[in-house]
Amino acid sequence: MSETLPTRYDFASAEARWYEFWEKKGYFKPRPGKGKFVVMMPPPNITGILHMGHVLNNTIQDVLVRWHRMRGEETLWQPGIDHAGIATMNKVEQEIAREGKTRFDVGRDEFVKRTWAWKERYGNTIIEQLRRLGSSADWENLVFTMDPAYSRAVLTAFVELFNAGLIYRGKRLINWCPRCKTALSDDEVEHEDTPSHLWYIRYPLADGEGHIVVATTRPETYLGDTAVAVNPDDKRFAGLVGKRVRLPLVNWERKDTEGKPVPPEIPVIANRAVDPGFGTGAVKVTPAHDPVDNEIARETGIPLVQVMDEDARMTENAGPFAGLTREEARERIVAELEKAGFLEKTEDYTVPLGTCYRCRTPIEPLLSEQWFVRMKELAGPATEAVRSGKVRIIPSYGEKIFFNWMDNIRDWCVSRQIWWGHRVPVYYCDECGEVFASVDAPEGCRRCGSAKVRQDEDVLDTWASSWLWPFATLGWPENTERLRKYYPGDVLVTGWDILYLWVARMMMAGARFMGEMPFHTVYLHGIVRDERGRKMEKSLGNSPDPLDLFRQYSVDGVRMGILFITPEGRDVLFSVKSAEIGRNFANKLWNAGRLVLLNAGGRFAGLPGSMRLEDRWILSRLERAISETTRLLGDYEFNSAVRTLYEFLWADFCDWYLEAIKPRTQSGDRSGVDVALFVLEAYLRLLHPFMPFITEELWQALPNKSGESIMISPWPEPTGMSDPDAESRFSLLQEMVSGVREIRGTFGVPRSAKLSLVFRDSRDALALARENLALLGFLAGIEGVSESDEAPAGSALIPSKVFEAYVPLSGVIDTGKEKARLEKEIAELSAQVERIRARLSDPNFLDKAPQEVIREQKARFADMATKLERLRGQLERL
Ligand SMILES: [Zn+2]
Ligand SMILES: [Zn+2]
């Protein structure tokens with residue numbers, strides 16, 4: 001036990017030292033206790049690099065698990081890491097590209113081997129970084145989604161759904177990334193408004209009577225049109241429905257997906273899906289390349305003509321355009337249509353361009369054979385769980401979004417044409433045509449016994465493994481002890497962006513395979529954005545490296561800072577200033593701890609038998625901080641909890657209490673220091689979940705700690721020292737001190753000048769001031785208090801709702817000079833106030849200025865107006 005601490009807190013050393021200590025002691029493992037608390041860490045990708053989103057997500061989880069652990073619950077924070085199919089393949093493909101090769105040159109087996117090697121080399125980076133953050137997860141049980149046991153779970157789930165008829169293969173229009181050469185689910189497509197055009201193309205009527213003009217954003221696909229559609233209620237086209245139009249330029253044979261020829265004369269049909277307000281009201285129908293058109297084809301039976309392939313190049317059906325890329329084809333086709341007089345006009349138009357969420361390549365809707373999961377059947381219990389309140393989503397407006405998605409749920413395309421992942425466990429018999437699913441590779445066909453069976457080439461969507469996370473990490477499908485003990489868990493902490501992709505699916509999987517929801521609470525935090533509200537992205541250079549921030553501001557500083565600025569349930573506008581706030585707070589805490597320890601002389605004498613007002617006050621404030629923090633954590637209000645703790649230390653403890661006990665301590669009375677030790681010890685435990693390192697470092701130095709680590713010491717309980725009377729009395733003293741300090745500032749009264757207080761009609765306040773005159777003297781330089789029936793001339797009034805007290809200033813300052821100074825200040829200030837008032841009533845300004853500027857001006861106006869009023873009052877009194 002050291003009696004003094006170094007002047008400066010060496011956070012880097014403390015972080016390394018304590019993390020190692022905690023881990024060596026096994027504190028991160030669940031320890032038997034009363035009750036249980038289980039959190040599943042959203043597994044980062046093996047390609048992941050720690051960003052501010054991870055920092056926020058894992059800080060919140062760490063706060064929760066450290067809190068529950070201190071409350072004596074058996075606490076498991078289950079960590080893991082995701083194989084991230086497409087993302088990881090991209091990394092290895094980049095490596096191979098440097099050798100001038102593609103993955104197809106290398107071959108499947110070799111490619112998978114290289115991907116494992118990549119994983120061994122780089123895959124643990126993010127885990128190391130999460131450890132730097134102080135995360136107290138059960139690292140010994142780290143799970144990787146491609147571990148043999150986990151893989152078995154993925155295949156077991158697939159086979160079970162397959163055998164239950166919930167998985168089917170179908171040729172469907174799916175989102176295709178021509179670069180990754182794989183299908184993507186709807187949720188893996190990002191839409192971005194992109195400037196483009198609307199082309200108006202003339203389709204001549206087959207009977208020679210004029211033409212119909214259709215508007216399209218994708219002229220290159222018109223070669224695959226098999227109809228023109230109009231809305232049935234659109235009177236403009238009433239006579240045309242049932243007629244045929246001729247596709248311009250097409251004088252070659254097109255074939256549909258079954259190989260049947262499709263003529264260039266196509267019907268005009270009526271369909272409710274057509275928006276009469278778009279373009280001319282007539283649209284081309286290209287069922288092989290557009291999801292809406294695909295639906296129309298399904299209803300009407302019109303054929304599907306595919307004009308683009310998996311490389312996004314034009315097919316044979318495109319006649320002379322075959323072999324062109326989609327971009328080349330667009331340019332050529334528009335030019336030829338124009339040359340031949342079929343292009344009526346071109347307009348500027350913004351399209352919500354869909355791009356691959358991994359590589360940003362524009363996706364192509366493409367017909368493809370894929371595996372699908374029937375979701376309607378699985379969605380029911382998950383929806384019901386949220387509706388009945390069995391699963392709570394925080395903030396509650398997340399539920400609306402959840403229901404909206406669940407009510408419109410579509411079948412899930414789970415196959416991907418990539419090589420890194422769990423291979424679809426479906427086998428085809430070349431002998432008898434049997435198709436069956438099996439977890440283990442079969443010896444032969446389950447129907448005819450033939451050895452000529454081949455496995456499906458596709459692998460499963462990454463989410464088709466992570467949707468099993470809450471139980472596959474615990475050993476499912478084996479009935480392990482961990483599974484029995486820790487399923488279902490408690491809270492899932494994640495971002496809005498994966499509510500559908502992951503959270504909803506985990507609930508469906510939980511209901512289906514475990515018969516129980518995997519958690520009772522989903523806590524959704526906002527996305528971390530930059531100060532201007534933009535998403536943080538490498539290309540924008542607005543995404544700070546958390547490890548740099550750790551080095552500069554300490555891990556605790558960054559953790560505290562980000563929670564300090566994260567509004568509950570909304571996006572976070574992150575700036576480095578927040579880390580500064582955290583670091584400054586850590587310094588404040590360090591200095592406070594140092595001062596108390598310095599005066600404690602290495603021992604704690606217990607709480608004093610008789611206590612002064614300020615002692616009873618700080619103990620009552622502590623009591624309040626304990627119950628507030630506990631309540632706020634229970635309500636997942638991390639921001640308010642952090643602010644409560646911040647205020648307590650900074651204002652109550654440092655600014656008031658440590659100041660108030662100085663005279664006592666200096667005179668050799670240690671009672672104040674003992675109270676301070678008591679408060680500090682409990683406070684450090686309250687703060688520990690948020691700032692684990694500095695709290696441990698300080699706590700270990702306290703003479704009144706008990707136990708081997710703050711991490712496993714009990715969460716502070718209310719001590720019964722709540723004292724509302726002491727709080728209200730002390731707050732009156734605070735008003736007096738602050739009032740006098742402000743008057744000193746306003747009138748430039750030197751620090752050394754002693755002042756007095758004159759009360760009028762304020763018996764209780766007067767008595768209180770008399771009793772605490774020593775304190776008032778030390779904190780505000782008050783050397784006397786008295787009473788008067790009238791406001792003394794030449795005095796300043798202390799603003800208070802409870803008492804009326806004056807500080808006489810004649811003789812202390814030159815009132816004439818002060819009056820003149822005040823008058824000048826008032827004149828300047830009122831001129832400024834007028835200028836702002838004029839600006840704020842100028843409609844031109846209000847129209848054009850950004851909202852934040854207007855808000856800022858209004859706030860300034862209010863501030864200045866108040867100040868002006870106060871100065872006028874002061875002047876009057878003089
Ligand atoms: Zn892609
Ligand atoms: Zn067979």
# chains A, B, ... in the order shown; residues from 1 in each chain; ligands from 1

call {"tool": "residues_around", "arguments": {"residues": "A:Val596", "least_positions_apart": "2", "cutoff": "7 Å", "atoms": "only C-alpha atoms", "output": "JSON, numbers by chain"}}
result
{"A": [592, 593, 594, 598, 599, 600, 673, 676, 677]}

call {"tool": "write_last_selection", "arguments": {"atoms": "all heavy atoms", "output": "PDB file, in the first residue's frame"}}
result
ATOM      1  N   ALA A 592      -7.493  14.037  -7.329  1.00  0.00           N
ATOM      2  CA  ALA A 592      -8.308  13.942  -6.119  1.00  0.00           C
ATOM      3  C   ALA A 592      -7.832  12.775  -5.260  1.00  0.00           C
ATOM      4  O   ALA A 592      -7.639  12.889  -4.046  1.00  0.00           O
ATOM      5  CB  ALA A 592      -9.778  13.780  -6.487  1.00  0.00           C
ATOM      6  N   GLY A 593      -7.638  11.634  -5.931  1.00  0.00           N
ATOM      7  CA  GLY A 593      -7.176  10.445  -5.207  1.00  0.00           C
ATOM      8  C   GLY A 593      -5.831  10.678  -4.557  1.00  0.00           C
ATOM      9  O   GLY A 593      -5.589  10.295  -3.404  1.00  0.00           O
ATOM     10  N   ARG A 594      -4.946  11.346  -5.290  1.00  0.00           N
ATOM     11  CA  ARG A 594      -3.617  11.626  -4.790  1.00  0.00           C
ATOM     12  C   ARG A 594      -3.671  12.491  -3.527  1.00  0.00           C
ATOM     13  O   ARG A 594      -3.005  12.225  -2.531  1.00  0.00           O
ATOM     14  CB  ARG A 594      -2.836  12.372  -5.875  1.00  0.00           C
ATOM     15  CG  ARG A 594      -1.478  11.793  -6.108  1.00  0.00           C
ATOM     16  CD  ARG A 594      -0.787  12.552  -7.190  1.00  0.00           C
ATOM     17  NE  ARG A 594       0.485  12.994  -6.631  1.00  0.00           N
ATOM     18  CZ  ARG A 594       0.783  14.235  -6.327  1.00  0.00           C
ATOM     19  NH1 ARG A 594      -0.094  15.181  -6.551  1.00  0.00           N
ATOM     20  NH2 ARG A 594       1.941  14.516  -5.801  1.00  0.00           N
ATOM     21  N   LEU A 598      -2.508  11.380   0.133  1.00  0.00           N
ATOM     22  CA  LEU A 598      -1.418  12.141   0.734  1.00  0.00           C
ATOM     23  C   LEU A 598      -1.768  12.515   2.183  1.00  0.00           C
ATOM     24  O   LEU A 598      -0.961  12.385   3.093  1.00  0.00           O
ATOM     25  CB  LEU A 598      -1.220  13.419  -0.092  1.00  0.00           C
ATOM     26  CG  LEU A 598       0.130  14.101  -0.020  1.00  0.00           C
ATOM     27  CD1 LEU A 598       1.193  13.178  -0.599  1.00  0.00           C
ATOM     28  CD2 LEU A 598       0.074  15.395  -0.845  1.00  0.00           C
ATOM     29  N   ASN A 599      -3.013  12.937   2.377  1.00  0.00           N
ATOM     30  CA  ASN A 599      -3.435  13.362   3.705  1.00  0.00           C
ATOM     31  C   ASN A 599      -3.805  12.201   4.615  1.00  0.00           C
ATOM     32  O   ASN A 599      -3.897  12.354   5.828  1.00  0.00           O
ATOM     33  CB  ASN A 599      -4.626  14.320   3.602  1.00  0.00           C
ATOM     34  CG  ASN A 599      -4.199  15.668   3.044  1.00  0.00           C
ATOM     35  OD1 ASN A 599      -3.139  16.175   3.370  1.00  0.00           O
ATOM     36  ND2 ASN A 599      -5.009  16.209   2.158  1.00  0.00           N
ATOM     37  N   ALA A 600      -4.060  11.035   4.011  1.00  0.00           N
ATOM     38  CA  ALA A 600      -4.525   9.893   4.811  1.00  0.00           C
ATOM     39  C   ALA A 600      -3.367   9.249   5.573  1.00  0.00           C
ATOM     40  O   ALA A 600      -3.580   8.561   6.567  1.00  0.00           O
ATOM     41  CB  ALA A 600      -5.186   8.862   3.913  1.00  0.00           C
ATOM     42  N   VAL A 673     -10.712  13.751   6.068  1.00  0.00           N
ATOM     43  CA  VAL A 673      -9.980  12.842   5.170  1.00  0.00           C
ATOM     44  C   VAL A 673     -10.547  11.435   5.259  1.00  0.00           C
ATOM     45  O   VAL A 673     -10.673  10.736   4.252  1.00  0.00           O
ATOM     46  CB  VAL A 673      -8.479  12.849   5.529  1.00  0.00           C
ATOM     47  CG1 VAL A 673      -7.728  11.801   4.733  1.00  0.00           C
ATOM     48  CG2 VAL A 673      -7.889  14.237   5.281  1.00  0.00           C
ATOM     49  N   ALA A 676     -13.573  11.361   3.275  1.00  0.00           N
ATOM     50  CA  ALA A 676     -13.185  11.378   1.862  1.00  0.00           C
ATOM     51  C   ALA A 676     -12.733   9.990   1.398  1.00  0.00           C
ATOM     52  O   ALA A 676     -13.063   9.546   0.294  1.00  0.00           O
ATOM     53  CB  ALA A 676     -12.088  12.405   1.628  1.00  0.00           C
ATOM     54  N   LEU A 677     -11.973   9.304   2.232  1.00  0.00           N
ATOM     55  CA  LEU A 677     -11.521   7.946   1.890  1.00  0.00           C
ATOM     56  C   LEU A 677     -12.709   7.014   1.699  1.00  0.00           C
ATOM     57  O   LEU A 677     -12.765   6.227   0.750  1.00  0.00           O
ATOM     58  CB  LEU A 677     -10.632   7.381   3.010  1.00  0.00           C
ATOM     59  CG  LEU A 677      -9.156   7.772   3.001  1.00  0.00           C
ATOM     60  CD1 LEU A 677      -8.488   7.288   4.293  1.00  0.00           C
ATOM     61  CD2 LEU A 677      -8.437   7.179   1.788  1.00  0.00           C
TER      62      LEU A 677
END

call {"tool": "closest_atom_pairs", "arguments": {"of": "chain A", "to": "ligand 2", "cutoff": "8 Å", "atoms": "only C-alpha atoms and all ligand atoms", "output": "CSV"}}
result
residue,atom,partner,partner_atom_place_in_ligand_line,distance
A:Tyr428,CA,ligand 2,1 (Zn),7.8
A:Cys429,CA,ligand 2,1 (Zn),4.5
A:Asp430,CA,ligand 2,1 (Zn),6.6
A:Glu431,CA,ligand 2,1 (Zn),5.0
A:Cys432,CA,ligand 2,1 (Zn),4.0
A:Gly433,CA,ligand 2,1 (Zn),5.9
A:Glu434,CA,ligand 2,1 (Zn),5.2
A:Gly444,CA,ligand 2,1 (Zn),7.7
A:Cys445,CA,ligand 2,1 (Zn),4.5
A:Arg446,CA,ligand 2,1 (Zn),6.5
A:Arg447,CA,ligand 2,1 (Zn),5.1
A:Cys448,CA,ligand 2,1 (Zn),4.1
A:Gly449,CA,ligand 2,1 (Zn),5.9
A:Ser450,CA,ligand 2,1 (Zn),5.4
A:Lys452,CA,ligand 2,1 (Zn),7.6
A:Val453,CA,ligand 2,1 (Zn),7.5

call {"tool": "select_by_dssp", "arguments": {"residues": "stretch 215-415 of chain A", "states": "helix (DSSP H, G or I)", "output": "ChimeraX atom specification"}}
result
/A:219-224,235-237,291-300,316-321,326-339,376-387,398-407

call {"tool": "residues_near_ligand", "arguments": {"ligand": "ligand 1", "cutoff": "10 Å", "atoms": "only C-alpha atoms and all ligand atoms", "output": "ChimeraX atom specification"}}
result
/A:86-87,90,176-184,188-189,355-363

call {"tool": "residues_around", "arguments": {"residues": "stretch 229-234 of chain A", "least_positions_apart": "6", "cutoff": "6 Å", "atoms": "only C-alpha atoms", "output": "number ranges by chain"}}
result
A: 268-272, 274, 282-283

call {"tool": "write_last_selection", "arguments": {"atoms": "N, CA and C atoms", "output": "PDB file, in the first residue's frame"}}
result
ATOM      1  N   VAL A 268     -48.814  -5.401 -75.187  1.00  0.00           N
ATOM      2  CA  VAL A 268     -49.046  -4.331 -74.214  1.00  0.00           C
ATOM      3  C   VAL A 268     -50.014  -4.898 -73.175  1.00  0.00           C
ATOM      4  N   ILE A 269     -49.590  -4.922 -71.947  1.00  0.00           N
ATOM      5  CA  ILE A 269     -50.430  -5.522 -70.903  1.00  0.00           C
ATOM      6  C   ILE A 269     -50.768  -4.482 -69.831  1.00  0.00           C
ATOM      7  N   ALA A 270     -51.809  -4.798 -69.052  1.00  0.00           N
ATOM      8  CA  ALA A 270     -52.193  -3.912 -67.948  1.00  0.00           C
ATOM      9  C   ALA A 270     -51.772  -4.552 -66.638  1.00  0.00           C
ATOM     10  N   ASN A 271     -51.186  -3.761 -65.756  1.00  0.00           N
ATOM     11  CA  ASN A 271     -50.791  -4.304 -64.455  1.00  0.00           C
ATOM     12  C   ASN A 271     -50.800  -3.218 -63.395  1.00  0.00           C
ATOM     13  N   ARG A 272     -51.349  -3.588 -62.227  1.00  0.00           N
ATOM     14  CA  ARG A 272     -51.495  -2.611 -61.137  1.00  0.00           C
ATOM     15  C   ARG A 272     -50.141  -2.121 -60.583  1.00  0.00           C
ATOM     16  N   VAL A 274     -47.819  -0.926 -62.127  1.00  0.00           N
ATOM     17  CA  VAL A 274     -47.270   0.202 -62.887  1.00  0.00           C
ATOM     18  C   VAL A 274     -47.742   1.521 -62.270  1.00  0.00           C
ATOM     19  N   ALA A 282     -46.188   4.353 -69.387  1.00  0.00           N
ATOM     20  CA  ALA A 282     -45.960   3.027 -69.981  1.00  0.00           C
ATOM     21  C   ALA A 282     -44.533   2.601 -69.649  1.00  0.00           C
ATOM     22  N   VAL A 283     -44.373   1.383 -69.197  1.00  0.00           N
ATOM     23  CA  VAL A 283     -43.018   0.919 -68.865  1.00  0.00           C
ATOM     24  C   VAL A 283     -42.713  -0.376 -69.598  1.00  0.00           C
TER      25      VAL A 283
END

call {"tool": "closest_atom_pairs", "arguments": {"of": "stretch 326-407 of chain A", "to": "stretch 191-203 of chain A", "cutoff": "6 Å", "atoms": "only C-alpha atoms", "output": "JSON lines"}}
result
{"residue": "A:Phe342", "atom": "CA", "partner": "A:Arg202", "partner_atom": "CA", "distance": 5.0}
{"residue": "A:Leu343", "atom": "CA", "partner": "A:Ile201", "partner_atom": "CA", "distance": 4.8}
{"residue": "A:Glu344", "atom": "CA", "partner": "A:Tyr200", "partner_atom": "CA", "distance": 5.3}
{"residue": "A:Lys345", "atom": "CA", "partner": "A:Tyr200", "partner_atom": "CA", "distance": 5.3}
{"residue": "A:Thr346", "atom": "CA", "partner": "A:Trp199", "partner_atom": "CA", "distance": 4.7}
{"residue": "A:Glu347", "atom": "CA", "partner": "A:Leu198", "partner_atom": "CA", "distance": 5.1}
{"residue": "A:Asp348", "atom": "CA", "partner": "A:His197", "partner_atom": "CA", "distance": 4.4}
{"residue": "A:Tyr349", "atom": "CA", "partner": "A:His197", "partner_atom": "CA", "distance": 4.5}
{"residue": "A:Thr350", "atom": "CA", "partner": "A:Pro195", "partner_atom": "CA", "distance": 4.4}
{"residue": "A:Val351", "atom": "CA", "partner": "A:Thr194", "partner_atom": "CA", "distance": 5.3}
{"residue": "A:Pro352", "atom": "CA", "partner": "A:Asp193", "partner_atom": "CA", "distance": 4.3}
{"residue": "A:Leu353", "atom": "CA", "partner": "A:Glu192", "partner_atom": "CA", "distance": 5.2}
{"residue": "A:Gly354", "atom": "CA", "partner": "A:His191", "partner_atom": "CA", "distance": 4.5}

call {"tool": "residues_around", "arguments": {"residues": "A:Asp497", "least_positions_apart": "2", "cutoff": "12 Å", "atoms": "only C-alpha atoms", "output": "PyMOL selection string"}}
result
chain A and resi 53+187-188+190+398+401-402+494-495+499-504+524-528+571

call {"tool": "residues_around", "arguments": {"residues": "stretch 313-318 of chain A", "least_positions_apart": "5", "cutoff": "12 Å", "atoms": "only C-alpha atoms", "output": "short mmCIF file (atom, residue, chain, number, x, y, z; two decimals) with N, CA, C and O atoms, in the first residue's frame"}}
result
data_model
loop_
_atom_site.label_atom_id
_atom_site.label_comp_id
_atom_site.auth_asym_id
_atom_site.auth_seq_id
_atom_site.Cartn_x
_atom_site.Cartn_y
_atom_site.Cartn_z
N PRO A 178 -21.38 -8.79 -59.69
CA PRO A 178 -20.57 -9.30 -60.78
C PRO A 178 -19.08 -9.34 -60.45
O PRO A 178 -18.33 -10.04 -61.11
N ARG A 179 -18.67 -8.61 -59.42
CA ARG A 179 -17.26 -8.65 -59.05
C ARG A 179 -16.98 -9.80 -58.11
O ARG A 179 -16.07 -10.58 -58.30
N GLU A 220 -30.09 -0.53 -71.50
CA GLU A 220 -29.35 -1.69 -72.00
C GLU A 220 -30.10 -3.00 -71.82
O GLU A 220 -29.77 -4.01 -72.44
N THR A 221 -31.13 -2.99 -70.96
CA THR A 221 -31.85 -4.25 -70.76
C THR A 221 -33.09 -4.35 -71.66
O THR A 221 -33.79 -5.35 -71.61
N TYR A 222 -33.37 -3.33 -72.48
CA TYR A 222 -34.63 -3.39 -73.25
C TYR A 222 -34.64 -4.55 -74.22
O TYR A 222 -35.69 -5.01 -74.64
N LEU A 223 -33.45 -5.05 -74.57
CA LEU A 223 -33.38 -6.20 -75.48
C LEU A 223 -34.01 -7.43 -74.85
O LEU A 223 -34.32 -8.39 -75.53
N GLY A 224 -34.15 -7.40 -73.52
CA GLY A 224 -34.79 -8.53 -72.83
C GLY A 224 -36.25 -8.27 -72.52
O GLY A 224 -36.89 -9.03 -71.78
N ASP A 225 -36.84 -7.23 -73.10
CA ASP A 225 -38.26 -6.94 -72.84
C ASP A 225 -39.13 -8.03 -73.44
O ASP A 225 -38.90 -8.49 -74.56
N LEU A 249 -34.95 -2.00 -83.36
CA LEU A 249 -33.64 -2.55 -83.76
C LEU A 249 -33.56 -4.08 -83.76
O LEU A 249 -32.69 -4.66 -84.40
N VAL A 250 -34.45 -4.73 -83.03
CA VAL A 250 -34.25 -6.18 -82.85
C VAL A 250 -34.70 -6.94 -84.11
O VAL A 250 -35.88 -7.00 -84.43
N ASN A 251 -33.71 -7.52 -84.81
CA ASN A 251 -34.07 -8.32 -85.97
C ASN A 251 -33.35 -9.67 -85.90
O ASN A 251 -32.99 -10.25 -86.89
N TRP A 252 -33.07 -10.08 -84.67
CA TRP A 252 -32.44 -11.39 -84.48
C TRP A 252 -33.32 -12.22 -83.54
O TRP A 252 -34.28 -11.70 -82.98
N GLU A 253 -32.96 -13.46 -83.41
CA GLU A 253 -33.81 -14.34 -82.60
C GLU A 253 -33.38 -14.32 -81.15
O GLU A 253 -32.21 -14.47 -80.83
N ARG A 254 -34.35 -14.08 -80.26
CA ARG A 254 -34.07 -14.15 -78.81
C ARG A 254 -34.66 -15.43 -78.28
O ARG A 254 -35.68 -15.91 -78.77
N LYS A 255 -34.04 -16.00 -77.26
CA LYS A 255 -34.56 -17.24 -76.66
C LYS A 255 -34.86 -17.01 -75.18
O LYS A 255 -34.13 -16.30 -74.48
N ASP A 256 -35.93 -17.63 -74.70
CA ASP A 256 -36.24 -17.49 -73.28
C ASP A 256 -35.45 -18.49 -72.45
O ASP A 256 -34.62 -19.24 -72.99
N THR A 257 -35.66 -18.49 -71.15
CA THR A 257 -34.83 -19.32 -70.26
C THR A 257 -35.04 -20.81 -70.50
O THR A 257 -34.25 -21.62 -70.03
N GLY A 259 -35.24 -21.92 -73.62
CA GLY A 259 -34.72 -22.16 -74.95
C GLY A 259 -35.73 -21.93 -76.07
O GLY A 259 -35.43 -22.17 -77.24
N LYS A 260 -36.93 -21.49 -75.75
CA LYS A 260 -37.95 -21.26 -76.78
C LYS A 260 -37.74 -19.87 -77.39
O LYS A 260 -37.41 -18.92 -76.68
N PRO A 261 -37.94 -19.74 -78.71
CA PRO A 261 -37.77 -18.43 -79.35
C PRO A 261 -38.82 -17.42 -78.88
O PRO A 261 -39.97 -17.80 -78.64
N VAL A 262 -38.40 -16.18 -78.74
CA VAL A 262 -39.32 -15.12 -78.33
C VAL A 262 -39.28 -14.03 -79.40
O VAL A 262 -38.22 -13.47 -79.66
N PRO A 263 -40.43 -13.75 -80.03
CA PRO A 263 -40.44 -12.79 -81.13
C PRO A 263 -40.21 -11.36 -80.64
O PRO A 263 -40.46 -11.06 -79.47
N PRO A 264 -39.76 -10.49 -81.54
CA PRO A 264 -39.56 -9.08 -81.16
C PRO A 264 -40.87 -8.30 -81.03
O PRO A 264 -40.84 -7.16 -80.60
N ALA A 288 -36.39 -10.85 -66.68
CA ALA A 288 -35.16 -11.53 -66.27
C ALA A 288 -34.18 -10.59 -65.58
O ALA A 288 -33.14 -11.01 -65.08
N HIS A 289 -34.51 -9.28 -65.55
CA HIS A 289 -33.54 -8.33 -65.01
C HIS A 289 -34.11 -7.29 -64.08
O HIS A 289 -33.47 -6.29 -63.79
N LEU A 304 -39.24 -15.10 -70.00
CA LEU A 304 -38.06 -14.42 -69.44
C LEU A 304 -36.91 -14.53 -70.44
O LEU A 304 -36.50 -15.64 -70.81
N VAL A 305 -36.40 -13.40 -70.88
CA VAL A 305 -35.27 -13.40 -71.80
C VAL A 305 -34.07 -12.79 -71.10
O VAL A 305 -34.11 -11.63 -70.70
N GLN A 306 -33.04 -13.60 -70.97
CA GLN A 306 -31.86 -13.12 -70.24
C GLN A 306 -30.88 -12.49 -71.22
O GLN A 306 -30.45 -13.15 -72.17
N VAL A 307 -30.53 -11.21 -71.00
CA VAL A 307 -29.61 -10.55 -71.93
C VAL A 307 -28.27 -10.22 -71.28
O VAL A 307 -27.40 -9.61 -71.90
N MET A 308 -28.11 -10.59 -70.00
CA MET A 308 -26.85 -10.30 -69.33
C MET A 308 -26.42 -11.53 -68.54
O MET A 308 -27.29 -12.26 -68.05
N GLY A 323 -21.46 -9.69 -75.65
CA GLY A 323 -20.07 -9.59 -75.24
C GLY A 323 -19.69 -8.23 -74.65
O GLY A 323 -18.66 -8.11 -74.00
N LEU A 324 -20.54 -7.23 -74.85
CA LEU A 324 -20.23 -5.92 -74.28
C LEU A 324 -20.50 -5.93 -72.76
O LEU A 324 -21.35 -6.67 -72.28
N THR A 325 -19.77 -5.09 -72.02
CA THR A 325 -20.11 -4.90 -70.61
C THR A 325 -21.40 -4.09 -70.54
O THR A 325 -21.78 -3.46 -71.54
N ARG A 326 -22.00 -4.05 -69.35
CA ARG A 326 -23.26 -3.32 -69.25
C ARG A 326 -23.08 -1.84 -69.54
O ARG A 326 -23.94 -1.19 -70.12
N GLU A 327 -21.92 -1.32 -69.15
CA GLU A 327 -21.66 0.10 -69.38
C GLU A 327 -21.48 0.39 -70.87
O GLU A 327 -22.05 1.35 -71.40
N GLU A 328 -20.68 -0.48 -71.54
CA GLU A 328 -20.48 -0.31 -72.99
C GLU A 328 -21.81 -0.46 -73.72
O GLU A 328 -22.14 0.29 -74.63
N ALA A 329 -22.58 -1.45 -73.28
CA ALA A 329 -23.85 -1.74 -73.96
C ALA A 329 -24.78 -0.54 -73.85
O ALA A 329 -25.44 -0.16 -74.82
N ARG A 330 -24.84 0.08 -72.67
CA ARG A 330 -25.73 1.22 -72.50
C ARG A 330 -25.37 2.32 -73.51
O ARG A 330 -26.21 2.83 -74.22
N ARG A 332 -23.63 2.16 -76.34
CA ARG A 332 -23.85 1.78 -77.75
C ARG A 332 -25.33 1.75 -78.09
O ARG A 332 -25.76 2.24 -79.14
N ILE A 333 -26.12 1.18 -77.20
CA ILE A 333 -27.55 1.01 -77.47
C ILE A 333 -28.24 2.37 -77.56
O ILE A 333 -29.02 2.62 -78.47
N GLU A 364 -26.41 -6.51 -59.89
CA GLU A 364 -27.23 -6.76 -61.06
C GLU A 364 -28.31 -7.75 -60.64
O GLU A 364 -27.99 -8.80 -60.11
N LEU A 366 -30.29 -10.77 -61.22
CA LEU A 366 -29.98 -11.83 -62.18
C LEU A 366 -30.74 -13.08 -61.82
O LEU A 366 -30.94 -13.39 -60.64
#

call {"tool": "residues_around", "arguments": {"residues": "A:Gly561", "least_positions_apart": "4", "cutoff": "6 Å", "atoms": "only C-alpha atoms", "output": "list in words"}}
result
Gly557, Ser578, Ala579, Ile581 and Gly582 of chain A

call {"tool": "write_last_selection", "arguments": {"atoms": "all heavy atoms", "output": "short mmCIF file (atom, residue, chain, number, x, y, z; two decimals), in the first residue's frame"}}
result
data_model
loop_
_atom_site.label_atom_id
_atom_site.label_comp_id
_atom_site.auth_asym_id
_atom_site.auth_seq_id
_atom_site.Cartn_x
_atom_site.Cartn_y
_atom_site.Cartn_z
N GLY A 557 -10.14 7.01 -20.80
CA GLY A 557 -10.57 8.31 -21.31
C GLY A 557 -11.47 8.16 -22.53
O GLY A 557 -12.48 8.84 -22.66
N SER A 578 -14.28 14.45 -27.20
CA SER A 578 -14.89 13.60 -26.18
C SER A 578 -13.81 12.79 -25.45
O SER A 578 -13.89 12.60 -24.24
CB SER A 578 -15.93 12.67 -26.81
OG SER A 578 -15.30 11.68 -27.58
N ALA A 579 -12.80 12.35 -26.20
CA ALA A 579 -11.70 11.62 -25.56
C ALA A 579 -10.94 12.55 -24.61
O ALA A 579 -10.46 12.14 -23.56
CB ALA A 579 -10.77 11.03 -26.61
N ILE A 581 -12.33 15.01 -22.97
CA ILE A 581 -13.18 15.10 -21.78
C ILE A 581 -12.88 13.93 -20.86
O ILE A 581 -12.70 14.08 -19.65
CB ILE A 581 -14.69 15.08 -22.18
CG1 ILE A 581 -15.05 16.33 -22.97
CG2 ILE A 581 -15.57 14.93 -20.94
CD1 ILE A 581 -16.47 16.33 -23.51
N GLY A 582 -12.80 12.73 -21.46
CA GLY A 582 -12.53 11.52 -20.67
C GLY A 582 -11.18 11.59 -19.99
O GLY A 582 -11.04 11.26 -18.81
#
